[in-house]
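See below for the structure under consideration.
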8 protein chains.
Amino acid sequence: MIGQESRFDFDRRRRIGMVEAIWGENKTSQQIAGILRELEKCNEIGLVTRVLPDKAKELITSFPCAEFHNKSRCLTIGTPPDPIPELGKVCVLSGGTSDITVASEAELALRLHGIQTEVIVDLGVAGLHRLFQNLERIKTAKVVIACAGMEGALPTVLSGLIPQPVIGVPVSIGYGVSLGGRTALEGMLGSCAPGLVVVNIDNGYGAAMAALRIMQQ
Amino acid sequence: MIGQESRFDFDRRRRIGMVEAIWGENKTSQQIAGILRELEKCNEIGLVTRVLPDKAKELITSFPCAEFHNKSRCLTIGTPPDPIPELGKVCVLSGGTSDITVASEAELALRLHGIQTEVIVDLGVAGLHRLFQNLERIKTAKVVIACAGMEGALPTVLSGLIPQPVIGVPVSIGYGVSLGGRTALEGMLGSCAPGLVVVNIDNGYGAAMAALRIMQQ
Amino acid sequence: MIGQESRFDFDRRRRIGMVEAIWGENKTSQQIAGILRELEKCNEIGLVTRVLPDKAKELITSFPCAEFHNKSRCLTIGTPPDPIPELGKVCVLSGGTSDITVASEAELALRLHGIQTEVIVDLGVAGLHRLFQNLERIKTAKVVIACAGMEGALPTVLSGLIPQPVIGVPVSIGYGVSLGGRTALEGMLGSCAPGLVVVNIDNGYGAAMAALRIMQQ
Amino acid sequence: MIGQESRFDFDRRRRIGMVEAIWGENKTSQQIAGILRELEKCNEIGLVTRVLPDKAKELITSFPCAEFHNKSRCLTIGTPPDPIPELGKVCVLSGGTSDITVASEAELALRLHGIQTEVIVDLGVAGLHRLFQNLERIKTAKVVIACAGMEGALPTVLSGLIPQPVIGVPVSIGYGVSLGGRTALEGMLGSCAPGLVVVNIDNGYGAAMAALRIMQQ
Amino acid sequence: MIGQESRFDFDRRRRIGMVEAIWGENKTSQQIAGILRELEKCNEIGLVTRVLPDKAKELITSFPCAEFHNKSRCLTIGTPPDPIPELGKVCVLSGGTSDITVASEAELALRLHGIQTEVIVDLGVAGLHRLFQNLERIKTAKVVIACAGMEGALPTVLSGLIPQPVIGVPVSIGYGVSLGGRTALEGMLGSCAPGLVVVNIDNGYGAAMAALRIMQQ
Amino acid sequence: MIGQESRFDFDRRRRIGMVEAIWGENKTSQQIAGILRELEKCNEIGLVTRVLPDKAKELITSFPCAEFHNKSRCLTIGTPPDPIPELGKVCVLSGGTSDITVASEAELALRLHGIQTEVIVDLGVAGLHRLFQNLERIKTAKVVIACAGMEGALPTVLSGLIPQPVIGVPVSIGYGVSLGGRTALEGMLGSCAPGLVVVNIDNGYGAAMAALRIMQQ
Amino acid sequence: MIGQESRFDFDRRRRIGMVEAIWGENKTSQQIAGILRELEKCNEIGLVTRVLPDKAKELITSFPCAEFHNKSRCLTIGTPPDPIPELGKVCVLSGGTSDITVASEAELALRLHGIQTEVIVDLGVAGLHRLFQNLERIKTAKVVIACAGMEGALPTVLSGLIPQPVIGVPVSIGYGVSLGGRTALEGMLGSCAPGLVVVNIDNGYGAAMAALRIMQQ
Amino acid sequence: MIGQESRFDFDRRRRIGMVEAIWGENKTSQQIAGILRELEKCNEIGLVTRVLPDKAKELITSFPCAEFHNKSRCLTIGTPPDPIPELGKVCVLSGGTSDITVASEAELALRLHGIQTEVIVDLGVAGLHRLFQNLERIKTAKVVIACAGMEGALPTVLSGLIPQPVIGVPVSIGYGVSLGGRTALEGMLGSCAPGLVVVNIDNGYGAAMAALRIMQQ
């Protein structure tokens, strides 16, 4: 098999400003270990998303310098830069307790790039008072990431209240018609609120990288 | 062909308390005329929904006692009963200007059964202030019908704010993922607000009959 | 992380008349335990839906005052009010033996709010005689909740026979095209019976809260 | 282009016992005329389904021996055999006025093969009394074809009441979730009634040919 | 809970000529045991479909008179009638080795009603010679049940070759677009072969009952 | 009907920085004229999207100060502010000639808010050389809007090449599986390129408002 | 607007061996005329697909050297090369009369590249004898393109009978579940016949270019 | 049960040039063992796809001459022919590490038929430089198989760069909208690149057989 050796895209950081990220879900421990070894060798920061605790435990044993983040199901290697407060912060919101994994993935991915973050949870639209209590705090962010499952109305309501970029992250929480996150996704895309943008279901990492692109402007 | 003569269900009014309603969309003028003739003969009130203006004009010529309601695209025959204020009223809300046909169909169907109604329009969730301005008025209703297209979040937000029965009517207004009303429908069904009930897309008449069932308790 | 402390919406009971309900399916035992602890502290009634027996057993050990309801897969905490017979009762129907979990969830949620209920099972439309045998009893209810999987025709047939509000609950029982409850859901939404309202698939709790909203009028 | 000359399958009648049938919808008048000419030459009976009145009028002018059946939107050529009463009859039922085109297509296709038919209309499940009034008559048929749009529950209810073969024909009548007949189709397929068989949406002709296969046993 | 005692529809056999059948998939061993006990008490024949081997083993221990049929994943109780050869036979065909469970369910259900059957396997349309080798034998049946997964073309090809009733059973065998049997189902419904009828995916029992209805004419 | 008078959200400009925009597709000329009259009265800038040429011509006659933009099918009223070059520019790309309407809608909406834009067309991924020829020019933008129909791969390829925020706009151009823009939409959402955000199908206006939110940071 | 001048990809012919092809469906006459003018200027061969007769007539008037091919709804400009018989031929098959437009598009596109073709029509799988009559002739081709609507089984059956490359083209002919060609597409993709490849629905041009790629090896 | 003995299609190799292939996923170890025994007896080469390691280990014990290929999850029996270099080679590309199983299945299936192959991995379109580095090598192949999950854009980009036949294999790698491979499949089918052909999701074997058909011309 050809080209294994040059598989990494170490030029990516220079080209689009992002550290190496590996989608851990469909990879074996061996495949992930191989990647971590290369990153370690090159002294690169790396993020592995969607790692189940058991797989993580196994990997941590071989890579003591790696760290597992249980809340976000992510594994990191390397030392992230210190946050630069004057760049401003990204607010990561979640509609319910069950959306926290996705929100935490977004938050961790941003911190790994030196971006300051603030997470606010349990902001479902069936209890608007919680959203209004936190609105002023949310308005201090430069970009807002709003995670929501079920009908996914949080980013729509929010986009009507603040002028900042709002990135909606549909979450695969729900049952019946909401199962798998499609309803939340389409609710955000079909939203009557102007200028709301969306990423794939559960894609906390993608939302973070979109926020990073904006913060870097 | 058998049984044409007994086609009507004049017992329906006694059985479930509703006047005869005819879905006009897939019927020819001749078919509708035949039905109106029978109703006229029996001195019955009748409602024909989804009648295009041209078809209506043609029918009105033959049935001077029929009335066409342009806003709701409905045709009625017979004299509706006077509203009974002490029964309470039904509030019919619409998210945007384009939902008015559906909201009007609901309103007309209720009036035809002697139920008092109030219509409030342009209550989109991307501008929550309009909803809050009207909230006290909405709270005076016994049942609320909330029509919304696009992402359909209005009934969800509303159900978190008031204790009344809320009937969501998804409207086939929108484009892209919202085209045809599926997104609004599933947003309402997958809603995080407890006790929100839903009818078929654009089914203003159905929402009205559901409200009628509740009012009659 | 901000705002954890104010996560509960204890004002909800006053605002929309419902006790705290927690969707247990995507929460860990720890997360549920945290919530129960708060409810216990405040002497509040609480309902946790969709709890698997193993998780329930674990929680019961730490919360001896909590009760697990095996038939409905629900956990409750706190003492429900005595039912008030003069408010009338809600009839909860199920199409087949496999729909009982959903019907029981609806029934329990209503009892927790002091509403009298009656459950009647095995009323599939392929054997109409069973429905007719129970029709008079059903007619004594103020609201009817009808749970059905497969083709979901029970609420349609029922709505043509009685004048009460009928809330259809599609159930995710079936295989092939019926798998997941979509067919039952769309059959109820597309129903030719006027005034039938629908909630999300398997949403017994939601149907109960809709009935509660109606009973409270 | 090769093989135009041998396009017809005149052997079909001998092989599977059916006269030539042409699906008229996506064919031009010229294409249909060419086919009719061949049938005329060979003295064969032929059925063209889904012909709009204007196209039919144009074709009738050139083929005076052809006949247009407005109710079923079909065109026939050739003389059908006399019905043979001792073979028994097929009952064709329709749920509503709007299903009549499909029911009539089934009825005409059967008559063209010498099968006796009886059509009974307006048997919607939201008014079961009509079905019960006609049940004895329906039971005299050897095969029953039941056409229904909306939620399509008629064949399900019927299959629980009679022992005959029941062929369900979903009809593309309805709006919202019912639009296009999918809901009726899946309701029939997912039915809890044992032994109900189904054909494609609006496929009256196909149901007739299925009945013919059964009658010929 | 009301009406448990009268749950069974023992009148069904008289009404539509079918023995009691229980869909075992979503029922617990206890629920199935309860049903078997009733059947045993009344000396009735019964069929439980979709029983996994482990559940079956458990039940067989308590019901020594019950029999588990591993190939069809069915459990039966009671003695089936002797087949009556002069009624004719039903041919059950399967497209591939993986369709055998469904074909066997159909075959067992027919035998339980005294119908003679013949099963022929591995008749995929990608190797037509196998079908042609068995065609004469197939033509001796009164009804043909054709099970097929993947693209599901077997019943279509067959319906063009024989005049008998053909009942297509789509099977949930396949991957990618074929996963779950939708492609096979829609291929059969959309078939260009006239008079092909279809039942739900994997519904061997339903196909058998449809064949029974035909055989009883 | 209540609240007609206060329908406009003139506070929106102050709250989220956007001028009034009206979705023209499902509104009658009268409805649009009513809105334009109000805007004219208040000296407000307004944008009406999705106006067919005939409707536009009719409106222009009554509102000589309004302007119709044929390429984007938009109507504007009021004088847009001069662009402020130091704010930077937004690059609007289109995959093919048929995507131009959507790209032009985005471009016009931005110009109306004083944002400088540059449009580059015919950048399909089946001819990558065109994209590479324009890459340096694209890199001078602060935000890039990439419109694409068919398989919608342009924003994915682009996001791997530049560090700027990229907003993908799926376009309803295509046939077969691409019909309606779903394939382009899901291709962008499921993209392997990190940080790509997406708006609804054909939503050029929404992409522009998202870009505006970013530019205003 | 930038880059209009360099829009054409005249290098394409050298790079991948195909003449310029324009998808005519969503382009105005003016847009197509602009393209034809450029092709004419450069003496290039060009193919415009999906042109309605009226649009074609209008264009032919301005471009007398262009030719409209009514059967395939295509417009060509420039002189195609003479076919080179020794390269072998491509056989284009169609399942029914209604598939001819798609088959003709494939045939024309191949002829424009100097490839010899043979078209054989009306080869539906419900009448296999027609296919067997033509099998020897089909086997003389180097590549076979098989167009089919409805259930789309033709390419599957064919792939089991011949060793040549078979390219399936699903056609949007059919109704009910077959409407739009999805069923034919998925039937071909899910086929049990090994090595069958598929293009988009109605994509006769794409199938031709796939055949061309093979012929050029 | 009839015809078990003649189940194999040993004539297939002569008819369409392919060795026996068994889809292992839905077969039990016993069923696969039965097939291997027959192949062994006849000295035939055989390929079993989609075999999980545990099932493979079990089978290898009984068939020491069989070989399990872990990377492709395939089991083979018999000695493949030596590759014939002058026939040319097939290049098998994969978009990411997670697509390797599918790519390896294609590669193994080709080698089993004596076709020379070359596999190149990690060619995602979000890092085009890797594709360009390998382009010259890819151009030396006679046929290219391109496997890709997520948005599946690799075969589209590639088809615009090379004149060879390109067979796209969508891979069921991804999450959210990409889950199950639908998005990749439709992206390839809806592609703007002319002449790209597609097989079912994850169908590496099918792509190999399509390539074989081409190589044998």
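Lettering and numbering for the structure tokens are positional, with chains as A, B, ... in the shown order, residues counted from 1 in each chain, and ligands counted from 1 in the shown order.
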Taking only C-alpha atoms into account, produce a table as JSON lines in which each residue of chain A with an atom at most 10 Å from an atom of chain C appears once, together with its shortest atom pair and the distance in Å to one decimal, ordered by chain and rising number.
```
{"residue": "A:Gly96", "atom": "CA", "partner": "C:Arg7", "partner_atom": "CA", "distance": 9.5}
{"residue": "A:Thr97", "atom": "CA", "partner": "C:Lys27", "partner_atom": "CA", "distance": 7.8}
{"residue": "A:Ser98", "atom": "CA", "partner": "C:Asn26", "partner_atom": "CA", "distance": 6.2}
{"residue": "A:Asp99", "atom": "CA", "partner": "C:Asn26", "partner_atom": "CA", "distance": 9.5}
{"residue": "A:Glu118", "atom": "CA", "partner": "C:Met1", "partner_atom": "CA", "distance": 7.1}
{"residue": "A:Val119", "atom": "CA", "partner": "C:Met1", "partner_atom": "CA", "distance": 5.4}
{"residue": "A:Ile120", "atom": "CA", "partner": "C:Ile2", "partner_atom": "CA", "distance": 5.3}
{"residue": "A:Val121", "atom": "CA", "partner": "C:Gly3", "partner_atom": "CA", "distance": 7.0}
{"residue": "A:Asp122", "atom": "CA", "partner": "C:Arg7", "partner_atom": "CA", "distance": 6.3}
{"residue": "A:Leu123", "atom": "CA", "partner": "C:Arg7", "partner_atom": "CA", "distance": 8.7}
{"residue": "A:Ala126", "atom": "CA", "partner": "C:Arg12", "partner_atom": "CA", "distance": 9.9}
{"residue": "A:Gly127", "atom": "CA", "partner": "C:Asp9", "partner_atom": "CA", "distance": 7.5}
{"residue": "A:His129", "atom": "CA", "partner": "C:Asp9", "partner_atom": "CA", "distance": 9.2}
{"residue": "A:Arg130", "atom": "CA", "partner": "C:Arg7", "partner_atom": "CA", "distance": 8.1}
{"residue": "A:Gln133", "atom": "CA", "partner": "C:Gly3", "partner_atom": "CA", "distance": 9.7}
{"residue": "A:Asn134", "atom": "CA", "partner": "C:Gly3", "partner_atom": "CA", "distance": 8.7}
{"residue": "A:Ile173", "atom": "CA", "partner": "C:Asn26", "partner_atom": "CA", "distance": 7.5}
{"residue": "A:Gly174", "atom": "CA", "partner": "C:Asn26", "partner_atom": "CA", "distance": 8.6}
{"residue": "A:Tyr175", "atom": "CA", "partner": "C:Ile201", "partner_atom": "CA", "distance": 7.4}
{"residue": "A:Gly176", "atom": "CA", "partner": "C:Ile201", "partner_atom": "CA", "distance": 4.6}
{"residue": "A:Val177", "atom": "CA", "partner": "C:Asn200", "partner_atom": "CA", "distance": 6.7}
{"residue": "A:Ser178", "atom": "CA", "partner": "C:Asn200", "partner_atom": "CA", "distance": 8.6}
{"residue": "A:Leu179", "atom": "CA", "partner": "C:Gly180", "partner_atom": "CA", "distance": 9.7}
```
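Residues in contact with region 153-160 of chain G at 7 Å, where only C-alpha atoms are counted and same-chain residues fewer than 5 positions away are skipped, are listed as E:Val125, E:Ala126, E:Gly127, E:Ala153, G:Gly95, G:Gly124, G:Val125, G:Ala146, G:Ala148, G:Val166, G:Gly168, G:Gly187, G:Met188, G:Ser191, G:Ala193, G:Leu196.
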| message | With DSSP run on the backbone, what are the alpha helix (DSSP H) residues within region 48-159 of chain A? I'd like them as JSON, numbers by chain. | response | {"A": [53, 54, 55, 56, 57, 58, 59, 60, 61, 62, 100, 101, 102, 103, 104, 105, 106, 107, 108, 109, 110, 111, 128, 129, 130, 131, 132, 133, 134, 135, 136, 137, 138, 139, 154, 155, 156, 157, 158, 159]}
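The coordinates place CA of Glu186 (chain B) at 17.3 Å from CA of Ala210 (chain C).
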| task | Using only C-alpha atoms, determine which residues lie at most 10 Å from region 14-22 of chain D, disregarding the query and same-chain residues fewer than 4 positions distant; provide the list as an NGL selection string. | result | (:D and (8-10 or 27 or 32 or 35-36 or 39 or 44-50 or 74-76 or 80 or 109 or 112-113 or 205 or 209 or 212-213 or 216)) or (:E and (159-164 or 194-195))
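Take CA of Phe132 (chain H) and CA of Glu40 (chain A): the distance between them is 27.4 Å.
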| message | Using DSSP secondary structure from the backbone, list all strand (DSSP E or B) positions within chain D, as a count of residues only. | response | 40
Spatial neighbours of Glu105 (chain F), 6 Å, only C-alpha atoms, chain gap at least 2 places, as a compact mmCIF listing (two decimals) with all heavy atoms, in the first residue's frame:
```txt
# COMPACT_ATOMS: atom_id res chain seq x y z
N SER F 72 -31.27 38.62 -9.56
CA SER F 72 -31.48 38.01 -8.25
C SER F 72 -32.96 37.86 -7.91
O SER F 72 -33.30 37.40 -6.84
CB SER F 72 -30.82 38.87 -7.17
OG SER F 72 -31.40 40.17 -7.18
N VAL F 102 -29.15 32.66 -6.98
CA VAL F 102 -28.90 32.57 -5.54
C VAL F 102 -27.69 33.41 -5.14
O VAL F 102 -27.73 34.16 -4.16
CB VAL F 102 -28.71 31.09 -5.13
CG1 VAL F 102 -28.31 30.98 -3.68
CG2 VAL F 102 -29.99 30.31 -5.40
N ALA F 103 -26.63 33.32 -5.93
CA ALA F 103 -25.43 34.12 -5.64
C ALA F 103 -25.75 35.61 -5.69
O ALA F 103 -25.29 36.39 -4.86
CB ALA F 103 -24.32 33.76 -6.63
N GLU F 107 -25.40 38.62 -2.88
CA GLU F 107 -24.60 39.80 -3.18
C GLU F 107 -25.41 41.08 -2.95
O GLU F 107 -24.94 42.03 -2.32
CB GLU F 107 -24.14 39.72 -4.64
CG GLU F 107 -22.98 40.60 -4.98
CD GLU F 107 -23.43 41.74 -5.85
OE1 GLU F 107 -24.51 41.61 -6.49
OE2 GLU F 107 -22.71 42.75 -5.87
N LEU F 108 -26.63 41.11 -3.44
CA LEU F 108 -27.49 42.29 -3.29
C LEU F 108 -27.78 42.56 -1.82
O LEU F 108 -27.73 43.70 -1.35
CB LEU F 108 -28.80 42.06 -4.07
CG LEU F 108 -29.84 43.18 -3.96
CD1 LEU F 108 -29.32 44.45 -4.60
CD2 LEU F 108 -31.15 42.76 -4.64
N GLY F 204 -29.72 32.42 -0.38
CA GLY F 204 -28.67 33.43 -0.59
C GLY F 204 -28.77 34.55 0.43
O GLY F 204 -27.76 35.01 0.96
N TYR F 205 -29.99 34.98 0.73
CA TYR F 205 -30.20 36.04 1.70
C TYR F 205 -29.67 35.64 3.08
O TYR F 205 -28.98 36.41 3.74
CB TYR F 205 -31.68 36.39 1.78
CG TYR F 205 -32.02 37.27 2.96
CD1 TYR F 205 -31.64 38.61 2.97
CD2 TYR F 205 -32.68 36.76 4.08
CE1 TYR F 205 -31.91 39.42 4.07
CE2 TYR F 205 -32.96 37.56 5.17
CZ TYR F 205 -32.57 38.89 5.17
OH TYR F 205 -32.82 39.68 6.25
```
| field | Who sits within 8 Å of Gly88 (chain E), only C-alpha atoms, same chain under 3 positions skipped, as a PyMOL selection string | value | chain E and resi 84-85+115-116+141-142+215
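A straight line drawn from CA of Thr117 (chain D) to CA of Val169 (chain D) is 16.2 Å long.
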